[in-house]
There are 2 protein chains.
Amino acid sequence: MKNTSIVDVAKLAGVSITTVSRIINNVSYPVSDEKRKRVLKAIEKLHYRPNIAAQHLKKRFSDIIGLIVRDISDPYFGDIAKGVTERASQLGYLSLVCSTGRNPENELRYHDILWQHRVKGIILAGGGLDQLDYKQKLSKQLARHDKYGLKIVALAPQGMEIPYVMIDNYEAGKRITEYLIQRGHRNICFISGPQKVYTSIERLKGYKDAIDRAGIEFSMEYVSYSDFTRKGGYDACKVLLSKVKNMTAICGANDNIVIGAMSAVKEQGLNIPEDISFISIGDLTEAMYADPPLTTLSIPRYEIGMLAVDAIVEDKDSIAVIVDTKIIERRSVKTLN
Amino acid sequence: MKNTSIVDVAKLAGVSITTVSRIINNVSYPVSDEKRKRVLKAIEKLHYRPNIAAQHLKKRFSDIIGLIVRDISDPYFGDIAKGVTERASQLGYLSLVCSTGRNPENELRYHDILWQHRVKGIILAGGGLDQLDYKQKLSKQLARHDKYGLKIVALAPQGMEIPYVMIDNYEAGKRITEYLIQRGHRNICFISGPQKVYTSIERLKGYKDAIDRAGIEFSMEYVSYSDFTRKGGYDACKVLLSKVKNMTAICGANDNIVIGAMSAVKEQGLNIPEDISFISIGDLTEAMYADPPLTTLSIPRYEIGMLAVDAIVEDKDSIAVIVDTKIIERRSVKTLN
DNA sequence: ATGATAATAGAAAACGTTTTCTATGGCTGT
DNA sequence: ACAGCCATAGAAAACGTTTTCTATTATCAT
């Protein structure tokens with residue numbers, strides 16, 4: 001069955017489509033009360049709703065904001081997506097969520113598709129930005145679309161010169177380390193994310209500086225790399241456990257790492273936090289239900305999602321938003337003497 | 001800057017826009033190799049991508065599938081969303097995710113907006129279907145849009161006569177109860193969801209039938225209602241604990257209920273599963289990390305998402321898909337003697 | 001009265017595609 | 001040599017809107 005269009009409404013109300021259009025867009029143009037009433041009644045009766053494709057075509061922009069994430073089933077991105085969809089909705093936008101499944105090619109592809117949809121803007125959290133060849137391709141695509149007014153906001157810009165909304169990763173690494181130092185720890189290890197990923201690098205740098213400032217001797221022996229997963233954390237912790245004898249605490253670059261690392265520690269019959277304290281960055285729901293519940297630096301994901309939308313909708317030319325974090329104290333850190 | 005359109009391509013290649021259109025849609029229409037090559041080169045050079053709004057307008061349908069969920073940050077829906085977006089993508093569709101924030105009015109609103117976008121279909125998991133007045137309104141909207149070919153698939157149809165993809169809730173309730181019975185339990189309590197919600201009712205019915213069949217006397221004393229949340233499970237369990245003295249196991253209608261209930265039990269100094277066994281329905285990630293890890297009937301959420309997309313894309317007139325579940329054995333159930 | 005302005009309304013062009021319809025030249029079979 | 005067909009191509013209409021431009025009254029100040 002054919003959809004009802006503005007023509008049907010105009011016919012039923014006995015006016016021109018121009019008048020109908022003016023009424024539904026309630027543009028500042030005088031329309032007699034009588035016609036307005038007739039049109040409104042006709043719309044009601046026909047259950048007319050404007051065809052958005054046609055509106056977009058004419059208006060030259062769409063009310064959609066694209067969000068590209070690594071994995072929408074990951075609660076980390078779920079929270080971000082929630083912030084994005086809710087804020088978008090508040091501002092009269094809709095969000096198109098794309099999940100790359102951790103394949104950067106997909107991020108490129110989705111970016112292209114969203115561009116075809118002429119979306120208002122794209123929020124990038126596909127995590128492909130740390131793949132070098134991909135980064136180049138994306139840069140090109142970005143530059144090209146920029147000319148046509150496509151807005152981009154990255155949630156982990158990996159050092160690229162694009163608008164972003166994120167936490168200060170350096171500060172994050174520094175703060176969790178300082179937290180431990182303040183509680184009497186001196187032999188503090190750090191399990192990082194991948195070596196070449198910007199986020200990891202910054203967090204590790206923060207750790208190192210905190211150690212240095214406290215007058216503790218820094219050693220690469222105390223650092224182990226992982227891939228931000230539980231398994232990675234587990235393995236990295238094993239390495240640490242075998243190399244470092246006197247450690248009293250471990251910083252993990254994210255919650256997953258620490259959850260994995262804790263199971264490695266427990267396997268050895270050690271107690272947390274009595275024998276080894278843990279702190280991480282992220283504050284996923286899992287952190288709360290871990291055993292013991294994790295003390296962690298919370299990243300306001302919901303807020304980041306909202307701010308990213310704001311960044312896209314507001315018409316500023318350059319955006320760099322750093323959001324605040326705070327340490328959530330639970331039971332994985334022991335205060336020494 | 002103005003977007004490059006099919007006209008620019010046609011001009012550069014020195015052909016008509018008709019020819020360009022035929023090539024990009026590679027429709028079965030003979031085009032000389034030479035022109036095809038020229039056009040392809042022009043497209044490449046201009047980085048031309050068709051304007052999808054225009055395509056939709058002309059083709060009368062969009063390549064978007066709408067998904068309305070209660071809360072996208074809830075991992076339960078995150079998994080569904082993942083299935084939806086990935087399957088949609090495989091089939092050349094894009095998914096528009098809307099999160100109602102548990103407000104049924106929003107479901108109605110999103111439904112309307114998606115309709116305005118003339119999406120291919122809508123997957124309903126907004127959870128508003130159990131609100132009576134809302135259900136009526138939605139029915140009307142559904143009936144209206146149905147005439148225009150909008151496909152709907154519900155993930156919890158609440159007894160409505162619409163296409164659906166879901167588990168057999170009755171069987172689910174029955175199976176978890178039988179699991180307990182097989183392991184020697186006789187005094188089994190059940191913490192249900194809300195009284196008037198279809199899903200709850202079915203699961204409870206399954207429990208009752210399993211009890212009856214085993215020749216165990218059924219009593220409403222053994223049943224307590226909650227609202228599917230942790231807090232609800234906690235409260236309901238308190239009630240049970242005070243009323244029922246000899247219970248050895250509790251079935252929960254979902255994971256959250258059981259996680260809440262377990263904390264109530266632990267508070268009384270009882271051990272799980274030594275003193276009381278627990279089983280639930282859902283198998284969220286949290287179930288795995290609960291203390292102890294939960295034995296639970298897993299709902300294949302990812303698969304449900306995929307099947308829902310299939311249901312929308314395939315052109316059947318009536319759809320009723322029941323997906324399989326299986327019990328994931330962990331450590332919350334004790335086998336008696 | 002008269003020209004100017006304001007209020008109201010519709011016709012028509014435009015947005016960027018797809019598709020139907022028409023046109024042309026060459027080939028085929030008789 | 002001619003009707004019919006095939007391969008190739010473009011013109012133009014259509015999709016459902018918004019917006020610009022033009023037209024008609026009514027009102028107002030002079």
# chains A, B, ... in the order shown; residues from 1 in each chain; ligands from 1

call {"tool": "residues_around", "arguments": {"residues": "Thr296 of chain A", "least_positions_apart": "5", "cutoff": "8 Å", "atoms": "only C-alpha atoms (C1' of nucleotides)", "output": "list in words"}}
result
Ile176, Asp255, Ile279, Ser280, Ile281, Gly282, Asp283, Ala287, Ile327, Ile328, Glu329 and Arg330 of chain A

call {"tool": "write_last_selection", "arguments": {"atoms": "C-alpha atoms", "output": "JSON list (two decimals), in the first residue's frame"}}
result
[["chain", "number", "residue", "atom", "x", "y", "z"],
["A", 176, "ILE", "CA", 46.38, 5.11, 40.48],
["A", 255, "ASP", "CA", 39.87, -3.76, 34.67],
["A", 279, "ILE", "CA", 44.17, -1.14, 41.30],
["A", 280, "SER", "CA", 42.97, -0.53, 37.78],
["A", 281, "ILE", "CA", 41.40, 1.91, 35.39],
["A", 282, "GLY", "CA", 37.91, 1.60, 34.03],
["A", 283, "ASP", "CA", 35.33, 0.71, 36.63],
["A", 287, "ALA", "CA", 34.94, -4.51, 38.79],
["A", 327, "ILE", "CA", 39.00, 6.69, 42.19],
["A", 328, "ILE", "CA", 36.34, 4.29, 43.41],
["A", 329, "GLU", "CA", 37.58, 2.68, 46.59],
["A", 330, "ARG", "CA", 36.65, -0.93, 47.09]]

call {"tool": "residues_around", "arguments": {"residues": "segment 208-215 of chain B", "least_positions_apart": "2", "cutoff": "8 Å", "atoms": "only C-alpha atoms (C1' of nucleotides)", "output": "list in words"}}
result
Lys174, Arg175, Thr177, Glu178, Ile181, Leu204, Lys205, Gly206, Glu217 and Phe218 of chain B

call {"tool": "closest_atom_pairs", "arguments": {"of": "chain A", "to": "chain B", "cutoff": "9 Å", "atoms": "only C-alpha atoms", "output": "tab-separated table"}}
result
residue	atom	partner	partner_atom	distance
A:Met1	CA	B:Tyr148	CA	5.2
A:Lys2	CA	B:Tyr148	CA	6.7
A:Asn3	CA	B:Tyr148	CA	6.5
A:His47	CA	B:Arg144	CA	8.8
A:Arg49	CA	B:Gln116	CA	6.0
A:Pro50	CA	B:Gln116	CA	6.4
A:Asn51	CA	B:Gln116	CA	5.7
A:Ile52	CA	B:His117	CA	5.3
A:Ala53	CA	B:Ala53	CA	4.8
A:Ala54	CA	B:Leu57	CA	5.9
A:Gln55	CA	B:Ala53	CA	8.6
A:His56	CA	B:Ala53	CA	6.3
A:Leu57	CA	B:Ala53	CA	5.6
A:Ser62	CA	B:Ala53	CA	8.6
A:Asp71	CA	B:Lys82	CA	7.2
A:Ile72	CA	B:Lys82	CA	5.7
A:Ser73	CA	B:Gly78	CA	4.1
A:Asp74	CA	B:Gly78	CA	7.1
A:Pro75	CA	B:Pro75	CA	6.0
A:Tyr76	CA	B:Ser73	CA	8.2
A:Phe77	CA	B:Ser73	CA	7.8
A:Gly78	CA	B:Ser73	CA	4.1
A:Asp79	CA	B:Ser73	CA	4.7
A:Ile80	CA	B:Ser73	CA	7.8
A:Ala81	CA	B:Ile72	CA	6.9
A:Lys82	CA	B:Ile72	CA	5.7
A:Gly83	CA	B:Ser73	CA	8.9
A:Thr85	CA	B:Cys98	CA	6.6
A:Glu86	CA	B:Ser99	CA	7.2
A:Ser89	CA	B:Cys98	CA	8.7
A:Leu94	CA	B:Cys98	CA	7.7
A:Ser95	CA	B:Leu96	CA	6.3
A:Leu96	CA	B:Leu96	CA	4.6
A:Val97	CA	B:Val97	CA	6.1
A:Cys98	CA	B:Thr85	CA	6.6
A:Ser99	CA	B:Thr85	CA	6.7
A:Thr100	CA	B:Glu86	CA	8.3
A:Gly101	CA	B:Glu86	CA	8.2
A:Asp112	CA	B:Arg49	CA	8.6
A:Ile113	CA	B:Leu94	CA	8.9
A:Trp115	CA	B:Arg49	CA	8.3
A:Gln116	CA	B:Asn51	CA	5.7
A:His117	CA	B:Ile52	CA	5.3
A:Arg118	CA	B:Asn51	CA	7.2
A:Arg144	CA	B:His47	CA	8.8
A:Lys147	CA	B:Met1	CA	6.4
A:Tyr148	CA	B:Met1	CA	5.3
A:Gly149	CA	B:Met1	CA	7.6
A:Thr285	CA	B:Glu286	CA	8.5
A:Glu286	CA	B:Glu286	CA	6.9
A:Tyr289	CA	B:Ala290	CA	6.7
A:Ala290	CA	B:Tyr289	CA	6.7
A:Asp291	CA	B:Asp291	CA	7.9

call {"tool": "residues_around", "arguments": {"residues": "Ala264 of chain B", "least_positions_apart": "5", "cutoff": "12 Å", "atoms": "only C-alpha atoms (C1' of nucleotides)", "output": "count of residues only"}}
result
21

call {"tool": "interface_residues", "arguments": {"of": "chain D", "to": "chain B", "cutoff": "8 Å", "atoms": "only C-alpha atoms (C1' of nucleotides)", "output": "PDB file with N, CA and C atoms (P, O5', C5', C4', C3', O3' and C1' of nucleotides), in the first residue's frame"}}
result
ATOM      1  P    DA D   7      21.761  -8.705 -27.045  1.00  0.00           P
ATOM      2  O5'  DA D   7      22.667  -7.406 -27.159  1.00  0.00           O
ATOM      3  C5'  DA D   7      23.530  -7.281 -28.280  1.00  0.00           C
ATOM      4  C4'  DA D   7      24.018  -5.850 -28.338  1.00  0.00           C
ATOM      5  C3'  DA D   7      24.389  -5.266 -26.978  1.00  0.00           C
ATOM      6  O3'  DA D   7      25.673  -4.684 -27.092  1.00  0.00           O
ATOM      7  C1'  DA D   7      22.865  -3.833 -28.089  1.00  0.00           C
ATOM      8  P    DT D   8      26.397  -4.055 -25.863  1.00  0.00           P
ATOM      9  O5'  DT D   8      25.846  -2.582 -25.901  1.00  0.00           O
ATOM     10  C5'  DT D   8      26.356  -1.708 -26.876  1.00  0.00           C
ATOM     11  C4'  DT D   8      25.607  -0.414 -26.822  1.00  0.00           C
ATOM     12  C3'  DT D   8      25.775   0.378 -25.529  1.00  0.00           C
ATOM     13  O3'  DT D   8      26.680   1.431 -25.793  1.00  0.00           O
ATOM     14  C1'  DT D   8      23.585   0.521 -26.446  1.00  0.00           C
ATOM     15  P    DA D   9      27.079   2.418 -24.611  1.00  0.00           P
ATOM     16  O5'  DA D   9      25.869   3.434 -24.640  1.00  0.00           O
ATOM     17  C5'  DA D   9      25.812   4.415 -25.681  1.00  0.00           C
ATOM     18  C4'  DA D   9      24.577   5.237 -25.507  1.00  0.00           C
ATOM     19  C3'  DA D   9      24.497   5.995 -24.194  1.00  0.00           C
ATOM     20  O3'  DA D   9      24.938   7.331 -24.444  1.00  0.00           O
ATOM     21  C1'  DA D   9      22.375   5.139 -24.916  1.00  0.00           C
ATOM     22  P    DG D  10      25.129   8.368 -23.270  1.00  0.00           P
ATOM     23  O5'  DG D  10      23.730   9.124 -23.248  1.00  0.00           O
ATOM     24  C5'  DG D  10      23.297   9.736 -24.449  1.00  0.00           C
ATOM     25  C4'  DG D  10      21.832  10.064 -24.353  1.00  0.00           C
ATOM     26  C3'  DG D  10      21.464  11.010 -23.199  1.00  0.00           C
ATOM     27  O3'  DG D  10      20.629  12.009 -23.728  1.00  0.00           O
ATOM     28  C1'  DG D  10      20.049   9.133 -23.168  1.00  0.00           C
ATOM     29  P    DA D  14       5.252  11.488 -14.169  1.00  0.00           P
ATOM     30  O5'  DA D  14       5.767  10.863 -12.802  1.00  0.00           O
ATOM     31  C5'  DA D  14       6.205   9.511 -12.773  1.00  0.00           C
ATOM     32  C4'  DA D  14       7.134   9.332 -11.600  1.00  0.00           C
ATOM     33  C3'  DA D  14       6.671  10.026 -10.308  1.00  0.00           C
ATOM     34  O3'  DA D  14       6.284   9.033  -9.379  1.00  0.00           O
ATOM     35  C1'  DA D  14       9.017  10.287 -10.688  1.00  0.00           C
ATOM     36  P    DC D  15       5.367   9.447  -8.141  1.00  0.00           P
ATOM     37  O5'  DC D  15       6.282   9.188  -6.869  1.00  0.00           O
ATOM     38  C5'  DC D  15       7.052   8.002  -6.713  1.00  0.00           C
ATOM     39  C4'  DC D  15       8.160   8.306  -5.750  1.00  0.00           C
ATOM     40  C3'  DC D  15       7.769   9.321  -4.683  1.00  0.00           C
ATOM     41  O3'  DC D  15       7.283   8.632  -3.532  1.00  0.00           O
ATOM     42  C1'  DC D  15       9.985   9.703  -5.552  1.00  0.00           C
ATOM     43  P    DG D  16       5.960   9.142  -2.834  1.00  0.00           P
ATOM     44  O5'  DG D  16       6.487  10.358  -1.938  1.00  0.00           O
ATOM     45  C5'  DG D  16       7.401  10.062  -0.899  1.00  0.00           C
ATOM     46  C4'  DG D  16       7.889  11.367  -0.317  1.00  0.00           C
ATOM     47  C3'  DG D  16       6.791  12.318   0.138  1.00  0.00           C
ATOM     48  O3'  DG D  16       7.174  12.835   1.395  1.00  0.00           O
ATOM     49  C1'  DG D  16       8.244  13.441  -1.306  1.00  0.00           C
TER      50       DG D  16
END

call {"tool": "atom_distance", "arguments": {"atom1": "atom CA of Ala156 of chain A", "atom2": "atom CA of Asp315 of chain A"}}
result
20.9 Å

call {"tool": "atom_distance", "arguments": {"atom1": "atom C1' of DA9 of chain C", "atom2": "atom CA of Ser5 of chain A"}}
result
20.1 Å

call {"tool": "closest_atom_pairs", "arguments": {"of": "chain C", "to": "chain B", "cutoff": "8 Å", "atoms": "only C-alpha atoms (C1' of nucleotides)", "output": "CSV"}}
result
residue,atom,partner,partner_atom,distance
C:DG16,C1',B:Ala54,CA,5.2
C:DT17,C1',B:Ala54,CA,4.9
C:DT18,C1',B:Lys58,CA,6.0

call {"tool": "write_last_selection", "arguments": {"atoms": "N, CA and C atoms (P, O5', C5', C4', C3', O3' and C1' of nucleotides)", "output": "PDB file, in the first residue's frame"}}
result
ATOM      1  P    DG C  16      22.234  17.571  -4.771  1.00  0.00           P
ATOM      2  O5'  DG C  16      21.933  16.040  -5.063  1.00  0.00           O
ATOM      3  C5'  DG C  16      21.869  15.139  -3.968  1.00  0.00           C
ATOM      4  C4'  DG C  16      21.409  13.791  -4.462  1.00  0.00           C
ATOM      5  C3'  DG C  16      22.225  13.244  -5.629  1.00  0.00           C
ATOM      6  O3'  DG C  16      22.462  11.876  -5.366  1.00  0.00           O
ATOM      7  C1'  DG C  16      19.945  13.215  -6.176  1.00  0.00           C
ATOM      8  P    DT C  17      23.544  11.046  -6.150  1.00  0.00           P
ATOM      9  O5'  DT C  17      22.830   9.626  -6.155  1.00  0.00           O
ATOM     10  C5'  DT C  17      22.122   9.211  -7.289  1.00  0.00           C
ATOM     11  C4'  DT C  17      20.777   8.657  -6.878  1.00  0.00           C
ATOM     12  C3'  DT C  17      20.288   7.592  -7.802  1.00  0.00           C
ATOM     13  O3'  DT C  17      20.558   6.328  -7.207  1.00  0.00           O
ATOM     14  C1'  DT C  17      18.601   9.254  -7.441  1.00  0.00           C
ATOM     15  P    DT C  18      20.615   5.041  -8.122  1.00  0.00           P
ATOM     16  O5'  DT C  18      19.092   4.863  -8.565  1.00  0.00           O
ATOM     17  C5'  DT C  18      18.153   4.399  -7.615  1.00  0.00           C
ATOM     18  C4'  DT C  18      16.813   4.214  -8.300  1.00  0.00           C
ATOM     19  C3'  DT C  18      16.785   3.112  -9.351  1.00  0.00           C
ATOM     20  O3'  DT C  18      15.540   2.442  -9.182  1.00  0.00           O
ATOM     21  C1'  DT C  18      16.106   5.151 -10.326  1.00  0.00           C
TER      22       DT C  18
END

call {"tool": "atom_distance", "arguments": {"atom1": "atom CA of Ile201 of chain B", "atom2": "atom CA of Tyr170 of chain B"}}
result
8.2 Å

call {"tool": "residues_around", "arguments": {"residues": "DG26 of chain C", "least_positions_apart": "2", "cutoff": "10 Å", "atoms": "only C-alpha atoms (C1' of nucleotides)", "output": "PDB file with C-alpha atoms (C1' of nucleotides), in the first residue's frame"}}
result
ATOM      1  C1'  DT C  24      19.598   4.812 -33.089  1.00  0.00           C
ATOM      2  C1'  DT C  28      20.010 -11.587 -38.747  1.00  0.00           C
TER       3       DT C  28
ATOM      4  C1'  DC D   6      19.500  -6.796 -30.229  1.00  0.00           C
ATOM      5  C1'  DA D   7      22.865  -3.833 -28.089  1.00  0.00           C
TER       6       DA D   7
END

call {"tool": "residues_around", "arguments": {"residues": "DG4 of chain D", "least_positions_apart": "5", "cutoff": "12 Å", "atoms": "only C-alpha atoms (C1' of nucleotides)", "output": "MDAnalysis selection string"}}
result
chainID C and resid 27:30

call {"tool": "write_last_selection", "arguments": {"atoms": "C-alpha atoms (C1' of nucleotides)", "output": "CSV table (one decimal), in the first residue's frame"}}
result
chain,number,residue,atom,x,y,z
C,27,DC,C1',22.9,-7.5,-37.4
C,28,DT,C1',20.0,-11.6,-38.7
C,29,DG,C1',17.2,-14.5,-41.3
C,30,DT,C1',14.4,-14.7,-45.2

call {"tool": "closest_residue", "arguments": {"among": "B:Leu307, B:Ile122, B:Leu40, B:Val27", "to": "Val69 of chain B", "atoms": "only C-alpha atoms"}}
result
B:Ile122

call {"tool": "select_by_dssp", "arguments": {"residues": "segment 7-158 of chain B", "states": "alpha helix (DSSP H)", "output": "NGL selection string"}}
result
:B and (7-13 or 17-24 or 33-46 or 52-59 or 75-90 or 104-116 or 132-146)

call {"tool": "residues_around", "arguments": {"residues": "Ala143 of chain A", "least_positions_apart": "6", "cutoff": "12 Å", "atoms": "only C-alpha atoms (C1' of nucleotides)", "output": "ChimeraX atom specification"}}
result
/A:136-137,149-152,161-162
